[in-house]
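The file data.pdb comes next; it holds PDB, C-alpha atoms.
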```
ATOM      1  CA  MET A  19     -58.965 120.702  42.171  1.00  0.00           C
ATOM      2  CA  LYS A  20     -59.086 118.805  38.898  1.00  0.00           C
ATOM      3  CA  TYR A  21     -55.469 119.790  38.068  1.00  0.00           C
ATOM      4  CA  VAL A  22     -54.267 118.717  41.495  1.00  0.00           C
ATOM      5  CA  LYS A  23     -55.731 115.223  40.990  1.00  0.00           C
ATOM      6  CA  ILE A  24     -54.125 114.920  37.547  1.00  0.00           C
ATOM      7  CA  LEU A  25     -50.777 116.174  38.871  1.00  0.00           C
ATOM      8  CA  PHE A  26     -50.956 113.735  41.780  1.00  0.00           C
ATOM      9  CA  ALA A  27     -51.805 110.832  39.441  1.00  0.00           C
ATOM     10  CA  VAL A  28     -48.887 111.667  37.120  1.00  0.00           C
ATOM     11  CA  ALA A  29     -46.505 111.938  40.092  1.00  0.00           C
ATOM     12  CA  LEU A  30     -47.727 108.591  41.416  1.00  0.00           C
ATOM     13  CA  VAL A  31     -47.236 106.868  38.048  1.00  0.00           C
ATOM     14  CA  PHE A  32     -43.763 108.404  37.670  1.00  0.00           C
ATOM     15  CA  THR A  33     -42.781 107.257  41.168  1.00  0.00           C
ATOM     16  CA  MET A  34     -44.010 103.705  40.569  1.00  0.00           C
ATOM     17  CA  CYS A  35     -42.229 103.403  37.201  1.00  0.00           C
ATOM     18  CA  SER A  36     -38.929 104.720  38.509  1.00  0.00           C
ATOM     19  CA  ALA A  37     -39.057 102.456  41.576  1.00  0.00           C
ATOM     20  CA  PHE A  38     -39.188  99.332  39.409  1.00  0.00           C
ATOM     21  CA  SER A  39     -36.462 100.444  37.024  1.00  0.00           C
ATOM     22  CA  ILE A  40     -33.798 101.011  39.703  1.00  0.00           C
ATOM     23  CA  LYS A  41     -31.149  98.297  39.543  1.00  0.00           C
ATOM     24  CA  LYS A  42     -29.983  96.588  42.665  1.00  0.00           C
ATOM     25  CA  SER A  43     -26.468  97.746  43.413  1.00  0.00           C
ATOM     26  CA  SER A  44     -25.621  94.843  45.691  1.00  0.00           C
ATOM     27  CA  SER A  45     -23.206  92.503  43.980  1.00  0.00           C
ATOM     28  CA  LYS A  46     -23.222  88.888  45.040  1.00  0.00           C
ATOM     29  CA  THR A  47     -20.110  87.008  45.997  1.00  0.00           C
ATOM     30  CA  VAL A  48     -18.995  84.570  43.312  1.00  0.00           C
ATOM     31  CA  TYR A  49     -17.315  81.294  44.284  1.00  0.00           C
ATOM     32  CA  ALA A  50     -15.375  79.078  41.883  1.00  0.00           C
ATOM     33  CA  PHE A  51     -13.164  76.028  41.603  1.00  0.00           C
ATOM     34  CA  GLY A  52     -11.211  74.651  38.680  1.00  0.00           C
ATOM     35  CA  ILE A  53     -10.478  71.205  37.292  1.00  0.00           C
ATOM     36  CA  SER A  54      -7.704  70.305  34.888  1.00  0.00           C
ATOM     37  CA  ALA A  55      -7.643  67.056  32.951  1.00  0.00           C
ATOM     38  CA  SER A  56      -5.490  65.870  30.086  1.00  0.00           C
ATOM     39  CA  PHE A  57      -6.135  63.156  27.509  1.00  0.00           C
ATOM     40  CA  THR A  58      -2.471  62.100  27.764  1.00  0.00           C
ATOM     41  CA  ASP A  59      -2.262  62.025  31.570  1.00  0.00           C
ATOM     42  CA  THR A  60      -4.144  59.987  34.170  1.00  0.00           C
ATOM     43  CA  THR A  61      -3.878  62.695  36.820  1.00  0.00           C
ATOM     44  CA  VAL A  62      -6.692  65.195  37.350  1.00  0.00           C
ATOM     45  CA  TYR A  63      -5.896  68.408  39.210  1.00  0.00           C
ATOM     46  CA  TYR A  64      -8.464  70.516  41.011  1.00  0.00           C
ATOM     47  CA  THR A  65      -8.486  73.677  43.094  1.00  0.00           C
ATOM     48  CA  SER A  66     -10.305  74.390  46.300  1.00  0.00           C
ATOM     49  CA  ILE A  67     -13.390  76.577  46.229  1.00  0.00           C
ATOM     50  CA  GLN A  68     -12.268  80.208  46.131  1.00  0.00           C
ATOM     51  CA  ILE A  69     -13.916  83.608  46.248  1.00  0.00           C
ATOM     52  CA  LEU A  70     -13.442  85.465  42.973  1.00  0.00           C
ATOM     53  CA  ASP A  71     -12.530  89.101  43.538  1.00  0.00           C
ATOM     54  CA  SER A  72     -14.694  91.547  41.581  1.00  0.00           C
ATOM     55  CA  ALA A  73     -16.256  88.755  39.516  1.00  0.00           C
ATOM     56  CA  LYS A  74     -19.588  89.348  37.837  1.00  0.00           C
ATOM     57  CA  VAL A  75     -22.261  87.070  36.485  1.00  0.00           C
ATOM     58  CA  SER A  76     -23.906  88.216  33.256  1.00  0.00           C
ATOM     59  CA  LYS A  77     -27.654  88.495  32.716  1.00  0.00           C
ATOM     60  CA  ASP A  78     -27.507  85.121  30.968  1.00  0.00           C
ATOM     61  CA  GLY A  79     -26.025  83.489  34.077  1.00  0.00           C
ATOM     62  CA  PHE A  80     -22.458  83.116  32.771  1.00  0.00           C
ATOM     63  CA  LEU A  81     -19.325  84.157  34.586  1.00  0.00           C
ATOM     64  CA  VAL A  82     -17.803  87.171  32.857  1.00  0.00           C
ATOM     65  CA  HIS A  83     -14.249  86.375  31.629  1.00  0.00           C
ATOM     66  CA  ARG A  84     -14.685  82.676  32.466  1.00  0.00           C
ATOM     67  CA  GLU A  85     -12.222  81.664  29.739  1.00  0.00           C
ATOM     68  CA  GLN A  86      -9.521  83.794  31.360  1.00  0.00           C
ATOM     69  CA  TYR A  87     -10.031  82.090  34.715  1.00  0.00           C
ATOM     70  CA  SER A  88      -9.584  78.653  33.130  1.00  0.00           C
ATOM     71  CA  TYR A  89      -6.520  79.914  31.258  1.00  0.00           C
ATOM     72  CA  GLN A  90      -5.014  81.035  34.600  1.00  0.00           C
ATOM     73  CA  LEU A  91      -5.227  77.465  35.899  1.00  0.00           C
ATOM     74  CA  LYS A  92      -3.877  76.026  32.644  1.00  0.00           C
ATOM     75  CA  SER A  93      -0.901  78.385  32.550  1.00  0.00           C
ATOM     76  CA  HIS A  94      -0.128  77.739  36.248  1.00  0.00           C
ATOM     77  CA  LEU A  95      -0.002  73.982  35.711  1.00  0.00           C
ATOM     78  CA  GLU A  96       2.083  74.306  32.549  1.00  0.00           C
ATOM     79  CA  ASN A  97       4.512  76.857  34.022  1.00  0.00           C
ATOM     80  CA  SER A  98       5.080  74.735  37.110  1.00  0.00           C
ATOM     81  CA  GLY A  99       5.712  71.689  34.913  1.00  0.00           C
ATOM     82  CA  VAL A 100       2.910  69.694  36.486  1.00  0.00           C
ATOM     83  CA  GLN A 101       0.674  69.034  33.479  1.00  0.00           C
ATOM     84  CA  GLU A 102       1.075  69.823  29.777  1.00  0.00           C
ATOM     85  CA  ASN A 103      -1.719  70.121  27.197  1.00  0.00           C
ATOM     86  CA  SER A 104      -4.514  70.110  29.731  1.00  0.00           C
ATOM     87  CA  THR A 105      -8.134  71.067  29.408  1.00  0.00           C
ATOM     88  CA  CYS A 106      -9.253  73.298  32.261  1.00  0.00           C
ATOM     89  CA  MET A 107     -12.801  73.955  33.404  1.00  0.00           C
ATOM     90  CA  VAL A 108     -14.017  76.519  35.905  1.00  0.00           C
ATOM     91  CA  TYR A 109     -17.216  75.899  37.841  1.00  0.00           C
ATOM     92  CA  PHE A 110     -18.827  78.840  39.601  1.00  0.00           C
ATOM     93  CA  SER A 111     -21.852  79.813  41.649  1.00  0.00           C
ATOM     94  CA  THR A 112     -23.098  82.543  43.937  1.00  0.00           C
ATOM     95  CA  ASN A 113     -24.214  79.837  46.353  1.00  0.00           C
ATOM     96  CA  LYS A 114     -21.268  78.149  48.080  1.00  0.00           C
ATOM     97  CA  LYS A 115     -23.290  75.139  49.281  1.00  0.00           C
ATOM     98  CA  LYS A 116     -24.438  74.331  45.734  1.00  0.00           C
ATOM     99  CA  LEU A 117     -20.877  74.643  44.477  1.00  0.00           C
ATOM    100  CA  GLU A 118     -19.604  72.321  47.206  1.00  0.00           C
ATOM    101  CA  LYS A 119     -22.159  69.696  46.118  1.00  0.00           C
ATOM    102  CA  GLU A 120     -21.154  70.158  42.472  1.00  0.00           C
ATOM    103  CA  SER A 121     -17.485  69.798  43.372  1.00  0.00           C
ATOM    104  CA  ALA A 122     -18.112  66.612  45.349  1.00  0.00           C
ATOM    105  CA  ARG A 123     -20.204  65.152  42.529  1.00  0.00           C
ATOM    106  CA  ILE A 124     -17.599  65.864  39.842  1.00  0.00           C
ATOM    107  CA  LEU A 125     -14.635  64.694  41.908  1.00  0.00           C
ATOM    108  CA  SER A 126     -16.423  61.472  42.866  1.00  0.00           C
ATOM    109  CA  LYS A 127     -16.797  60.639  39.165  1.00  0.00           C
ATOM    110  CA  TYR A 128     -13.042  61.003  38.684  1.00  0.00           C
ATOM    111  CA  LYS A 129     -12.257  59.061  41.867  1.00  0.00           C
ATOM    112  CA  LYS A 130     -14.427  56.110  40.766  1.00  0.00           C
ATOM    113  CA  ASN A 131     -11.985  55.446  37.936  1.00  0.00           C
ATOM    114  CA  LYS A 132      -9.175  53.384  39.441  1.00  0.00           C
ATOM    115  CA  ASN A 133      -6.719  54.448  36.715  1.00  0.00           C
ATOM    116  CA  THR A 134      -7.153  58.156  37.473  1.00  0.00           C
ATOM    117  CA  SER A 135      -5.517  59.925  40.384  1.00  0.00           C
ATOM    118  CA  VAL A 136      -7.061  63.120  41.714  1.00  0.00           C
ATOM    119  CA  VAL A 137      -4.677  65.739  43.135  1.00  0.00           C
ATOM    120  CA  GLN A 138      -5.531  69.075  44.711  1.00  0.00           C
ATOM    121  CA  VAL A 139      -3.580  72.137  43.632  1.00  0.00           C
ATOM    122  CA  GLU A 140      -2.237  73.692  46.811  1.00  0.00           C
ATOM    123  CA  PRO A 141      -4.236  76.825  47.710  1.00  0.00           C
ATOM    124  CA  ASP A 142      -1.123  78.736  48.765  1.00  0.00           C
ATOM    125  CA  LYS A 143       0.462  78.186  45.324  1.00  0.00           C
ATOM    126  CA  PHE A 144      -2.524  79.042  43.109  1.00  0.00           C
ATOM    127  CA  HIS A 145      -5.352  81.506  43.494  1.00  0.00           C
ATOM    128  CA  PHE A 146      -7.647  82.923  40.808  1.00  0.00           C
ATOM    129  CA  THR A 147      -7.017  86.623  40.197  1.00  0.00           C
ATOM    130  CA  LYS A 148      -9.147  89.279  38.554  1.00  0.00           C
ATOM    131  CA  PRO A 149      -8.566  89.203  34.791  1.00  0.00           C
ATOM    132  CA  GLU A 150      -7.364  92.374  33.135  1.00  0.00           C
ATOM    133  CA  GLU A 151      -9.990  93.972  30.921  1.00  0.00           C
TER     134      GLU A 151
END
```

Would you write out, as C-alpha cells, the structure that this file holds?
Amino acid sequence: MKYVKILFAVALVFTMCSAFSIKKSSSKTVYAFGISASFTDTTVYYTSIQILDSAKVSKDGFLVHREQYSYQLKSHLENSGVQENSTCMVYFSTNKKKLEKESARILSKYKKNKNTSVVQVEPDKFHFTKPEE
C-alpha cells in the first residue's frame, strides 16, 4: 500500500509538471502596416493594414524578420519610381483594433503638417510577403 501511494504521488507530480511545460501550438494572426518617409520628399506613403502570412512574434514581442518587411516596402517604392532614399517602418500587432488606432494616430500626426502629403500605396499593387529564411 505504501508503494502504491508513492507511485501515485510521483505520477501526479509528473503529470502536473508536463501539463505546464506544453507549449500552446495556436499561432496568432499578425497584422501590419508600413509607412515610408523621406527627408528629401514631402510625401509620406503608407500601406493598408494587412495580414502577414506565416509571421511570428518572438518571445521578446518583436516581429521576426521585421527588417525584411520594411525592406519590401522600400524596394517597392524605389522600383516603381515613387520615392527614392526613403526610410520605411513596419508597425505590427496581433490585435487589429489596436493597430488601427496606432495607424490613425501616426497618420494624423503626418496630416497635421500642411507641407506634407499623405498617400496610400494601393493594396492591389503592394502586399507584404513571407520573407525567405

> Got a sec: who's within 12 Å of A:Tyr89, counting only C-alpha atoms, leaving out chain neighbours fewer than 6 positions off, as a list in words?
Replying inline: Gly52, Ile53, Ser54, His83, Leu95, Glu96, Asn97, Asn103, Ser104, Thr105, Cys106, Met107, Val108, Phe146, Thr147 and Pro149 of chain A

Convert the current residue selection to file output with C-alpha atoms, as a PDB file, in the coordinates of the input.
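Written out: part_15.pdb:
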```pdb
ATOM      1  CA  GLY A  52     -11.211  74.651  38.680  1.00  0.00           C
ATOM      2  CA  ILE A  53     -10.478  71.205  37.292  1.00  0.00           C
ATOM      3  CA  SER A  54      -7.704  70.305  34.888  1.00  0.00           C
ATOM      4  CA  HIS A  83     -14.249  86.375  31.629  1.00  0.00           C
ATOM      5  CA  LEU A  95      -0.002  73.982  35.711  1.00  0.00           C
ATOM      6  CA  GLU A  96       2.083  74.306  32.549  1.00  0.00           C
ATOM      7  CA  ASN A  97       4.512  76.857  34.022  1.00  0.00           C
ATOM      8  CA  ASN A 103      -1.719  70.121  27.197  1.00  0.00           C
ATOM      9  CA  SER A 104      -4.514  70.110  29.731  1.00  0.00           C
ATOM     10  CA  THR A 105      -8.134  71.067  29.408  1.00  0.00           C
ATOM     11  CA  CYS A 106      -9.253  73.298  32.261  1.00  0.00           C
ATOM     12  CA  MET A 107     -12.801  73.955  33.404  1.00  0.00           C
ATOM     13  CA  VAL A 108     -14.017  76.519  35.905  1.00  0.00           C
ATOM     14  CA  PHE A 146      -7.647  82.923  40.808  1.00  0.00           C
ATOM     15  CA  THR A 147      -7.017  86.623  40.197  1.00  0.00           C
ATOM     16  CA  PRO A 149      -8.566  89.203  34.791  1.00  0.00           C
TER      17      PRO A 149
END
```

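What the PyMOL selection byres ((chain A and resi 47-50) around 6) picks from this file is A:Lys46, A:Phe51, A:Ile67, A:Gln68, A:Ile69, A:Leu70, A:Tyr109, A:Phe110, A:Ser111, A:Thr112.
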
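Nearest-residue note for A:Tyr87: choosing from A:His145, A:Gln101, A:Val62, A:Val136, the minimum distance belongs to A:His145, counting all atoms listed in the file.
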
> What does the distance from atom CA of A:Thr61 to atom CA of A:Ser135 come to in Å, to one decimal?
Replying inline: 4.8 Å

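Straight-line separation from atom CA of A:Thr60 to atom CA of A:Val137: 10.7 Å.
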
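Atom pair atom CA of A:Ala73 / atom CA of A:Asp142: separated by 20.4 Å.
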
> A:Asn113, A:Ser72, A:Thr65, A:Thr58: which is nearest A:Gln90, counting all atoms listed in the file?
Replying inline: A:Thr65

Just add N, CA and C atoms to stretch 109-134 of chain A and send it as a PDB file, in the frame of the given file.
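Output file out-v3.pdb follows:
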```pdb
ATOM      1  N   TYR A 109     -15.831  75.982  37.378  1.00  0.00           N
ATOM      2  CA  TYR A 109     -17.216  75.899  37.841  1.00  0.00           C
ATOM      3  C   TYR A 109     -17.436  77.028  38.832  1.00  0.00           C
ATOM      4  N   PHE A 110     -18.581  77.688  38.742  1.00  0.00           N
ATOM      5  CA  PHE A 110     -18.827  78.840  39.601  1.00  0.00           C
ATOM      6  C   PHE A 110     -20.275  78.863  40.058  1.00  0.00           C
ATOM      7  N   SER A 111     -20.502  79.617  41.129  1.00  0.00           N
ATOM      8  CA  SER A 111     -21.852  79.813  41.649  1.00  0.00           C
ATOM      9  C   SER A 111     -21.830  80.946  42.661  1.00  0.00           C
ATOM     10  N   THR A 112     -22.979  81.545  42.878  1.00  0.00           N
ATOM     11  CA  THR A 112     -23.098  82.543  43.937  1.00  0.00           C
ATOM     12  C   THR A 112     -23.516  81.884  45.247  1.00  0.00           C
ATOM     13  N   ASN A 113     -23.824  80.609  45.176  1.00  0.00           N
ATOM     14  CA  ASN A 113     -24.214  79.837  46.353  1.00  0.00           C
ATOM     15  C   ASN A 113     -23.107  78.820  46.653  1.00  0.00           C
ATOM     16  N   LYS A 114     -22.412  79.006  47.749  1.00  0.00           N
ATOM     17  CA  LYS A 114     -21.268  78.149  48.080  1.00  0.00           C
ATOM     18  C   LYS A 114     -21.692  76.711  48.335  1.00  0.00           C
ATOM     19  N   LYS A 115     -22.822  76.498  48.980  1.00  0.00           N
ATOM     20  CA  LYS A 115     -23.290  75.139  49.281  1.00  0.00           C
ATOM     21  C   LYS A 115     -23.545  74.353  47.994  1.00  0.00           C
ATOM     22  N   LYS A 116     -24.178  74.996  47.006  1.00  0.00           N
ATOM     23  CA  LYS A 116     -24.438  74.331  45.734  1.00  0.00           C
ATOM     24  C   LYS A 116     -23.129  73.983  45.032  1.00  0.00           C
ATOM     25  N   LEU A 117     -22.163  74.886  45.115  1.00  0.00           N
ATOM     26  CA  LEU A 117     -20.877  74.643  44.477  1.00  0.00           C
ATOM     27  C   LEU A 117     -20.122  73.517  45.170  1.00  0.00           C
ATOM     28  N   GLU A 118     -20.240  73.419  46.476  1.00  0.00           N
ATOM     29  CA  GLU A 118     -19.604  72.321  47.206  1.00  0.00           C
ATOM     30  C   GLU A 118     -20.202  70.977  46.775  1.00  0.00           C
ATOM     31  N   LYS A 119     -21.516  70.924  46.583  1.00  0.00           N
ATOM     32  CA  LYS A 119     -22.159  69.696  46.118  1.00  0.00           C
ATOM     33  C   LYS A 119     -21.703  69.353  44.705  1.00  0.00           C
ATOM     34  N   GLU A 120     -21.612  70.368  43.853  1.00  0.00           N
ATOM     35  CA  GLU A 120     -21.154  70.158  42.472  1.00  0.00           C
ATOM     36  C   GLU A 120     -19.719  69.642  42.450  1.00  0.00           C
ATOM     37  N   SER A 121     -18.881  70.221  43.283  1.00  0.00           N
ATOM     38  CA  SER A 121     -17.485  69.798  43.372  1.00  0.00           C
ATOM     39  C   SER A 121     -17.390  68.346  43.830  1.00  0.00           C
ATOM     40  N   ALA A 122     -18.132  67.985  44.844  1.00  0.00           N
ATOM     41  CA  ALA A 122     -18.112  66.612  45.349  1.00  0.00           C
ATOM     42  C   ALA A 122     -18.617  65.630  44.299  1.00  0.00           C
ATOM     43  N   ARG A 123     -19.637  66.015  43.568  1.00  0.00           N
ATOM     44  CA  ARG A 123     -20.204  65.152  42.529  1.00  0.00           C
ATOM     45  C   ARG A 123     -19.194  64.917  41.400  1.00  0.00           C
ATOM     46  N   ILE A 124     -18.552  65.980  40.942  1.00  0.00           N
ATOM     47  CA  ILE A 124     -17.599  65.864  39.842  1.00  0.00           C
ATOM     48  C   ILE A 124     -16.367  65.081  40.270  1.00  0.00           C
ATOM     49  N   LEU A 125     -15.840  65.388  41.440  1.00  0.00           N
ATOM     50  CA  LEU A 125     -14.635  64.694  41.908  1.00  0.00           C
ATOM     51  C   LEU A 125     -14.906  63.213  42.177  1.00  0.00           C
ATOM     52  N   SER A 126     -16.107  62.884  42.627  1.00  0.00           N
ATOM     53  CA  SER A 126     -16.423  61.472  42.866  1.00  0.00           C
ATOM     54  C   SER A 126     -16.436  60.685  41.559  1.00  0.00           C
ATOM     55  N   LYS A 127     -16.830  61.320  40.462  1.00  0.00           N
ATOM     56  CA  LYS A 127     -16.797  60.639  39.165  1.00  0.00           C
ATOM     57  C   LYS A 127     -15.364  60.308  38.771  1.00  0.00           C
ATOM     58  N   TYR A 128     -14.446  61.250  38.997  1.00  0.00           N
ATOM     59  CA  TYR A 128     -13.042  61.003  38.684  1.00  0.00           C
ATOM     60  C   TYR A 128     -12.444  59.959  39.625  1.00  0.00           C
ATOM     61  N   LYS A 129     -12.825  59.992  40.892  1.00  0.00           N
ATOM     62  CA  LYS A 129     -12.257  59.061  41.867  1.00  0.00           C
ATOM     63  C   LYS A 129     -12.755  57.636  41.675  1.00  0.00           C
ATOM     64  N   LYS A 130     -13.910  57.453  41.032  1.00  0.00           N
ATOM     65  CA  LYS A 130     -14.427  56.110  40.766  1.00  0.00           C
ATOM     66  C   LYS A 130     -13.527  55.344  39.810  1.00  0.00           C
ATOM     67  N   ASN A 131     -12.887  56.071  38.897  1.00  0.00           N
ATOM     68  CA  ASN A 131     -11.985  55.446  37.936  1.00  0.00           C
ATOM     69  C   ASN A 131     -10.680  55.093  38.644  1.00  0.00           C
ATOM     70  N   LYS A 132     -10.364  53.832  38.705  1.00  0.00           N
ATOM     71  CA  LYS A 132      -9.175  53.384  39.441  1.00  0.00           C
ATOM     72  C   LYS A 132      -7.868  53.789  38.751  1.00  0.00           C
ATOM     73  N   ASN A 133      -7.920  54.059  37.456  1.00  0.00           N
ATOM     74  CA  ASN A 133      -6.719  54.448  36.715  1.00  0.00           C
ATOM     75  C   ASN A 133      -6.412  55.935  36.837  1.00  0.00           C
ATOM     76  N   THR A 134      -7.319  56.710  37.373  1.00  0.00           N
ATOM     77  CA  THR A 134      -7.153  58.156  37.473  1.00  0.00           C
ATOM     78  C   THR A 134      -6.827  58.546  38.902  1.00  0.00           C
TER      79      THR A 134
END
```
